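Asks: Let me give you the structure first, and then I'll get to my questions.
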Amino acid sequence: AAFGGAVAAFTKCSASRGVAFALSPRACVRRACAQMSGEHDHSGCPSFPAWARDGVLLQPDLLAAMLDLLPLQSDGLKRVCKAWRACLLELHKRIGLRPAGLAQSKLRKCVLCASMPDASMLLVRDVHGVFSFLDGTLNRVASFELDTDRYPGFQYGFALSYDRVALVDYIGTKLVVLAHSGKPLQESIRCRDDYVAHLWYPTLSACGQLFCIAAGHDHLPPGDYVYVFDASSLEFKRRFRHPSLGDVRGLAAHGEELYVSDCTDNKIKVLDFEGNVLRSFRSATPWSPGELLVHHDRIYAIEAEFGPDKDNAGMPEEYGRRVWVLSTACEVLQVYVLEVQGGFIRNFAVVSDRLVLFMSTGERHALRGV
């Protein structure tokens, strides 16, 4: 339906073929935006003939060229149809990360964040313990606070699904499942495993499992385990550990694989759900991988606040302000350097096709191209 409004420009344009070629996609975008805003009066706009629709506007060889003529930041582009949205995503990936405008809302400094599986919304926890759901423009949609008598500990991380929040609380060893309203739905008893000192980086998989990194006590052998729980009941399922896992700083699940940032040897490792290392990546330049996420078959990683030597000695000047982009085959696609003075990237998440960076200074920045 979005193609119908473009035929007038396509057939009546007396300018060059290139100008006519550009006007038709623009008309498609205008019609798509009008439909999304509820404007349904398209009188006088006949539909495209099938040859124009299928042979031009949906022709894979021409589609990328047409979209190159339009501003890629236009939200109307992805609303025209599925083919246009898919092509737009590929163009964004090819171009890579680049700055996007972001209004500095009145949010307090963010210390934890996670996004919905479809990146439609973001949940953040501020320095005062308030949890807020944010839309794509970082406007607060809803918020809640935990009962500090019931949950007195510091939150060590959380993961977000369409209907619940999986939270690590109480000195990092208590798991809680909350409704989006903040109401507790399920909670586990405090872990009694002699090995566990802290649980970190809760991560939900599409198959209903909750993964956490378990760090051991100082008197036990070094290295981190991956603990697996049922995402709804919090029933403990199993644990596994690969001998190479040590100082883990990030965890993400994608498909049937786990992506792990390990500062022991400064690698991003890809594991199956049994703990076998399938592949890994190590940069030729100094770095210590920190939190990471996987979105649209791309791995995004920021750098750990402190490397193995705790003072980041020998790291480049831009350390802590870089975003690494890798394919799921662990090939480097881009290293984006955020041009700011001072501070480091503390957390990040994807929301509405943008990568939002939360700085240690309290500032927020957004990048397109995810």
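Residue numbers start at 1 in each chain; chains themselves are named A, B, ... in the order of the structure tokens; ligands are numbered from 1 in the order shown.
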Please provide the set of residues having any atom within 8 Å of Thr264 (chain A), restricted to only C-alpha atoms, with same-chain residues fewer than 6 positions apart removed, written as a PyMOL selection string.
Replies: chain A and resi 245-248+308
Asks: Write out as JSON, numbers by chain all residues of region 145-331 of chain A that backbone DSSP assigns to strand (DSSP E or B).
Replies: {"A": [145, 157, 158, 159, 160, 164, 165, 166, 167, 168, 169, 174, 175, 176, 177, 178, 179, 184, 185, 186, 187, 196, 197, 198, 199, 200, 201, 202, 203, 204, 209, 210, 211, 212, 213, 214, 215, 216, 224, 225, 226, 227, 228, 229, 230, 236, 237, 238, 239, 240, 248, 249, 250, 251, 252, 253, 254, 257, 258, 259, 260, 261, 262, 267, 268, 269, 270, 271, 272, 277, 278, 279, 280, 281, 282, 289, 290, 291, 292, 293, 294, 295, 298, 299, 300, 301, 302, 303, 322, 323, 324, 325, 326, 327]}
Asks: Skipping near chain neighbours, those fewer than 2 positions away, what residues fall within 12 Å of Cys110 (chain A) using only C-alpha atoms, listed as a PDB file with N, CA, C and O atoms, in the first residue's frame?
Replies:
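The new file out-v4.pdb reads:
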ATOM      1  N   LYS A 106      16.361  13.826  31.600  1.00  0.00           N
ATOM      2  CA  LYS A 106      16.693  14.099  32.994  1.00  0.00           C
ATOM      3  C   LYS A 106      16.893  12.826  33.811  1.00  0.00           C
ATOM      4  O   LYS A 106      16.651  12.815  35.007  1.00  0.00           O
ATOM      5  N   LEU A 107      17.345  11.778  33.175  1.00  0.00           N
ATOM      6  CA  LEU A 107      17.599  10.532  33.896  1.00  0.00           C
ATOM      7  C   LEU A 107      18.829  10.679  34.778  1.00  0.00           C
ATOM      8  O   LEU A 107      19.783  11.375  34.439  1.00  0.00           O
ATOM      9  N   ARG A 108      18.792   9.991  35.929  1.00  0.00           N
ATOM     10  CA  ARG A 108      19.985   9.935  36.761  1.00  0.00           C
ATOM     11  C   ARG A 108      21.011   9.013  36.117  1.00  0.00           C
ATOM     12  O   ARG A 108      20.721   8.298  35.174  1.00  0.00           O
ATOM     13  N   LEU A 112      23.149   0.071  35.531  1.00  0.00           N
ATOM     14  CA  LEU A 112      22.837  -1.206  34.904  1.00  0.00           C
ATOM     15  C   LEU A 112      21.804  -0.975  33.820  1.00  0.00           C
ATOM     16  O   LEU A 112      20.938  -0.092  33.952  1.00  0.00           O
ATOM     17  N   CYS A 113      21.835  -1.764  32.760  1.00  0.00           N
ATOM     18  CA  CYS A 113      20.820  -1.633  31.715  1.00  0.00           C
ATOM     19  C   CYS A 113      20.674  -2.950  30.964  1.00  0.00           C
ATOM     20  O   CYS A 113      21.590  -3.780  30.949  1.00  0.00           O
ATOM     21  N   ALA A 114      19.503  -3.147  30.365  1.00  0.00           N
ATOM     22  CA  ALA A 114      19.239  -4.311  29.521  1.00  0.00           C
ATOM     23  C   ALA A 114      18.085  -3.948  28.605  1.00  0.00           C
ATOM     24  O   ALA A 114      17.224  -3.128  28.957  1.00  0.00           O
ATOM     25  N   LEU A 122      13.935  -0.365  26.819  1.00  0.00           N
ATOM     26  CA  LEU A 122      15.150  -0.478  27.616  1.00  0.00           C
ATOM     27  C   LEU A 122      14.792  -0.376  29.087  1.00  0.00           C
ATOM     28  O   LEU A 122      13.921   0.408  29.469  1.00  0.00           O
ATOM     29  N   LEU A 123      15.451  -1.179  29.918  1.00  0.00           N
ATOM     30  CA  LEU A 123      15.297  -1.079  31.361  1.00  0.00           C
ATOM     31  C   LEU A 123      16.634  -0.660  31.960  1.00  0.00           C
ATOM     32  O   LEU A 123      17.663  -1.273  31.680  1.00  0.00           O
ATOM     33  N   VAL A 124      16.617   0.401  32.762  1.00  0.00           N
ATOM     34  CA  VAL A 124      17.853   0.877  33.394  1.00  0.00           C
ATOM     35  C   VAL A 124      17.645   0.966  34.904  1.00  0.00           C
ATOM     36  O   VAL A 124      16.524   1.141  35.388  1.00  0.00           O
ATOM     37  N   ARG A 125      18.730   0.831  35.631  1.00  0.00           N
ATOM     38  CA  ARG A 125      18.734   1.053  37.071  1.00  0.00           C
ATOM     39  C   ARG A 125      19.668   2.214  37.348  1.00  0.00           C
ATOM     40  O   ARG A 125      20.827   2.208  36.924  1.00  0.00           O
ATOM     41  N   ASP A 126      19.168   3.239  38.066  1.00  0.00           N
ATOM     42  CA  ASP A 126      20.004   4.406  38.319  1.00  0.00           C
ATOM     43  C   ASP A 126      20.757   4.270  39.642  1.00  0.00           C
ATOM     44  O   ASP A 126      20.647   3.250  40.348  1.00  0.00           O
ATOM     45  N   VAL A 127      21.525   5.276  39.991  1.00  0.00           N
ATOM     46  CA  VAL A 127      22.392   5.212  41.177  1.00  0.00           C
ATOM     47  C   VAL A 127      21.592   5.168  42.470  1.00  0.00           C
ATOM     48  O   VAL A 127      22.131   4.810  43.521  1.00  0.00           O
ATOM     49  N   HIS A 128      20.297   5.524  42.419  1.00  0.00           N
ATOM     50  CA  HIS A 128      19.456   5.495  43.619  1.00  0.00           C
ATOM     51  C   HIS A 128      18.595   4.245  43.699  1.00  0.00           C
ATOM     52  O   HIS A 128      17.710   4.147  44.549  1.00  0.00           O
ATOM     53  N   GLY A 129      18.818   3.289  42.807  1.00  0.00           N
ATOM     54  CA  GLY A 129      18.100   2.028  42.868  1.00  0.00           C
ATOM     55  C   GLY A 129      16.748   2.030  42.191  1.00  0.00           C
ATOM     56  O   GLY A 129      15.984   1.078  42.341  1.00  0.00           O
ATOM     57  N   VAL A 130      16.413   3.073  41.422  1.00  0.00           N
ATOM     58  CA  VAL A 130      15.136   3.138  40.713  1.00  0.00           C
ATOM     59  C   VAL A 130      15.282   2.468  39.346  1.00  0.00           C
ATOM     60  O   VAL A 130      16.222   2.769  38.598  1.00  0.00           O
ATOM     61  N   PHE A 131      14.360   1.563  39.038  1.00  0.00           N
ATOM     62  CA  PHE A 131      14.329   0.895  37.738  1.00  0.00           C
ATOM     63  C   PHE A 131      13.345   1.630  36.835  1.00  0.00           C
ATOM     64  O   PHE A 131      12.198   1.888  37.239  1.00  0.00           O
ATOM     65  N   SER A 132      13.762   1.954  35.616  1.00  0.00           N
ATOM     66  CA  SER A 132      12.916   2.705  34.688  1.00  0.00           C
ATOM     67  C   SER A 132      12.901   2.040  33.325  1.00  0.00           C
ATOM     68  O   SER A 132      13.958   1.655  32.798  1.00  0.00           O
ATOM     69  N   LEU A 134      12.427   2.633  29.432  1.00  0.00           N
ATOM     70  CA  LEU A 134      12.610   3.758  28.532  1.00  0.00           C
ATOM     71  C   LEU A 134      12.238   3.349  27.112  1.00  0.00           C
ATOM     72  O   LEU A 134      12.491   2.208  26.701  1.00  0.00           O
ATOM     73  N   LEU A 138      14.522   7.449  24.948  1.00  0.00           N
ATOM     74  CA  LEU A 138      14.945   7.447  26.354  1.00  0.00           C
ATOM     75  C   LEU A 138      13.998   8.230  27.255  1.00  0.00           C
ATOM     76  O   LEU A 138      14.407   8.755  28.297  1.00  0.00           O
ATOM     77  N   ILE A 345      32.923   4.144  28.766  1.00  0.00           N
ATOM     78  CA  ILE A 345      31.605   3.549  28.527  1.00  0.00           C
ATOM     79  C   ILE A 345      31.356   2.514  29.622  1.00  0.00           C
ATOM     80  O   ILE A 345      32.043   1.500  29.704  1.00  0.00           O
ATOM     81  N   ARG A 346      30.358   2.782  30.472  1.00  0.00           N
ATOM     82  CA  ARG A 346      30.068   1.885  31.586  1.00  0.00           C
ATOM     83  C   ARG A 346      29.122   0.763  31.176  1.00  0.00           C
ATOM     84  O   ARG A 346      29.324  -0.402  31.525  1.00  0.00           O
ATOM     85  N   ASN A 347      28.055   1.107  30.460  1.00  0.00           N
ATOM     86  CA  ASN A 347      27.061   0.134  30.001  1.00  0.00           C
ATOM     87  C   ASN A 347      26.608   0.518  28.609  1.00  0.00           C
ATOM     88  O   ASN A 347      26.756   1.663  28.182  1.00  0.00           O
ATOM     89  N   PHE A 348      25.984  -0.426  27.908  1.00  0.00           N
ATOM     90  CA  PHE A 348      25.382  -0.100  26.620  1.00  0.00           C
ATOM     91  C   PHE A 348      24.272  -1.094  26.319  1.00  0.00           C
ATOM     92  O   PHE A 348      24.203  -2.175  26.892  1.00  0.00           O
ATOM     93  N   ALA A 349      23.369  -0.692  25.423  1.00  0.00           N
ATOM     94  CA  ALA A 349      22.244  -1.547  25.041  1.00  0.00           C
ATOM     95  C   ALA A 349      21.683  -1.037  23.725  1.00  0.00           C
ATOM     96  O   ALA A 349      21.893   0.121  23.352  1.00  0.00           O
ATOM     97  N   VAL A 356      22.819   2.635  22.465  1.00  0.00           N
ATOM     98  CA  VAL A 356      22.902   3.700  23.455  1.00  0.00           C
ATOM     99  C   VAL A 356      24.047   3.399  24.412  1.00  0.00           C
ATOM    100  O   VAL A 356      24.122   2.305  24.988  1.00  0.00           O
ATOM    101  N   LEU A 357      24.943   4.365  24.566  1.00  0.00           N
ATOM    102  CA  LEU A 357      26.113   4.229  25.427  1.00  0.00           C
ATOM    103  C   LEU A 357      25.917   5.054  26.685  1.00  0.00           C
ATOM    104  O   LEU A 357      25.635   6.261  26.615  1.00  0.00           O
ATOM    105  N   PHE A 358      26.067   4.426  27.844  1.00  0.00           N
ATOM    106  CA  PHE A 358      25.953   5.113  29.121  1.00  0.00           C
ATOM    107  C   PHE A 358      27.361   5.299  29.683  1.00  0.00           C
ATOM    108  O   PHE A 358      28.072   4.329  29.940  1.00  0.00           O
ATOM    109  N   MET A 359      27.754   6.549  29.869  1.00  0.00           N
ATOM    110  CA  MET A 359      29.109   6.865  30.280  1.00  0.00           C
ATOM    111  C   MET A 359      29.234   6.900  31.800  1.00  0.00           C
ATOM    112  O   MET A 359      28.256   7.102  32.530  1.00  0.00           O
ATOM    113  N   SER A 360      30.458   6.724  32.280  1.00  0.00           N
ATOM    114  CA  SER A 360      30.726   6.815  33.716  1.00  0.00           C
ATOM    115  C   SER A 360      30.467   8.215  34.248  1.00  0.00           C
ATOM    116  O   SER A 360      30.229   8.402  35.436  1.00  0.00           O
ATOM    117  N   THR A 361      30.480   9.205  33.367  1.00  0.00           N
ATOM    118  CA  THR A 361      30.231  10.591  33.765  1.00  0.00           C
ATOM    119  C   THR A 361      28.746  10.915  33.887  1.00  0.00           C
ATOM    120  O   THR A 361      28.383  12.000  34.333  1.00  0.00           O
ATOM    121  N   GLY A 362      27.877   9.980  33.456  1.00  0.00           N
ATOM    122  CA  GLY A 362      26.440  10.219  33.450  1.00  0.00           C
ATOM    123  C   GLY A 362      25.916  10.636  32.092  1.00  0.00           C
ATOM    124  O   GLY A 362      24.702  10.677  31.881  1.00  0.00           O
ATOM    125  N   GLU A 363      26.790  10.969  31.159  1.00  0.00           N
ATOM    126  CA  GLU A 363      26.358  11.335  29.817  1.00  0.00           C
ATOM    127  C   GLU A 363      25.871  10.100  29.061  1.00  0.00           C
ATOM    128  O   GLU A 363      26.228   8.965  29.385  1.00  0.00           O
ATOM    129  N   ARG A 364      25.074  10.356  28.031  1.00  0.00           N
ATOM    130  CA  ARG A 364      24.567   9.283  27.166  1.00  0.00           C
ATOM    131  C   ARG A 364      24.789   9.664  25.719  1.00  0.00           C
ATOM    132  O   ARG A 364      24.627  10.808  25.339  1.00  0.00           O
TER     133      ARG A 364
END
Asks: Which is closest to Leu199 (chain A) among A:Tyr156, A:Tyr259, A:Tyr319, A:Phe229, if we use only C-alpha atoms?
Replies: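 When distances to Leu199 (chain A) are compared using only C-alpha atoms, the smallest one comes from A:Tyr156.
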Asks: Between A:Trp287, A:Tyr336, A:Phe144, A:Phe273, single out the one closest to Gly369 (chain A), counting only C-alpha atoms.
Replies: A:Tyr336
Asks: Please identify all polymer residues within 10 Å of Leu146 (chain A), counting only C-alpha atoms, omitting same-chain residues fewer than 4 positions from it, and present them as a list in words.
Replies: Gly129, Val130, Phe131, Arg150, Tyr151, Pro152, Leu178, Gly182, Lys183 and Pro184 of chain A
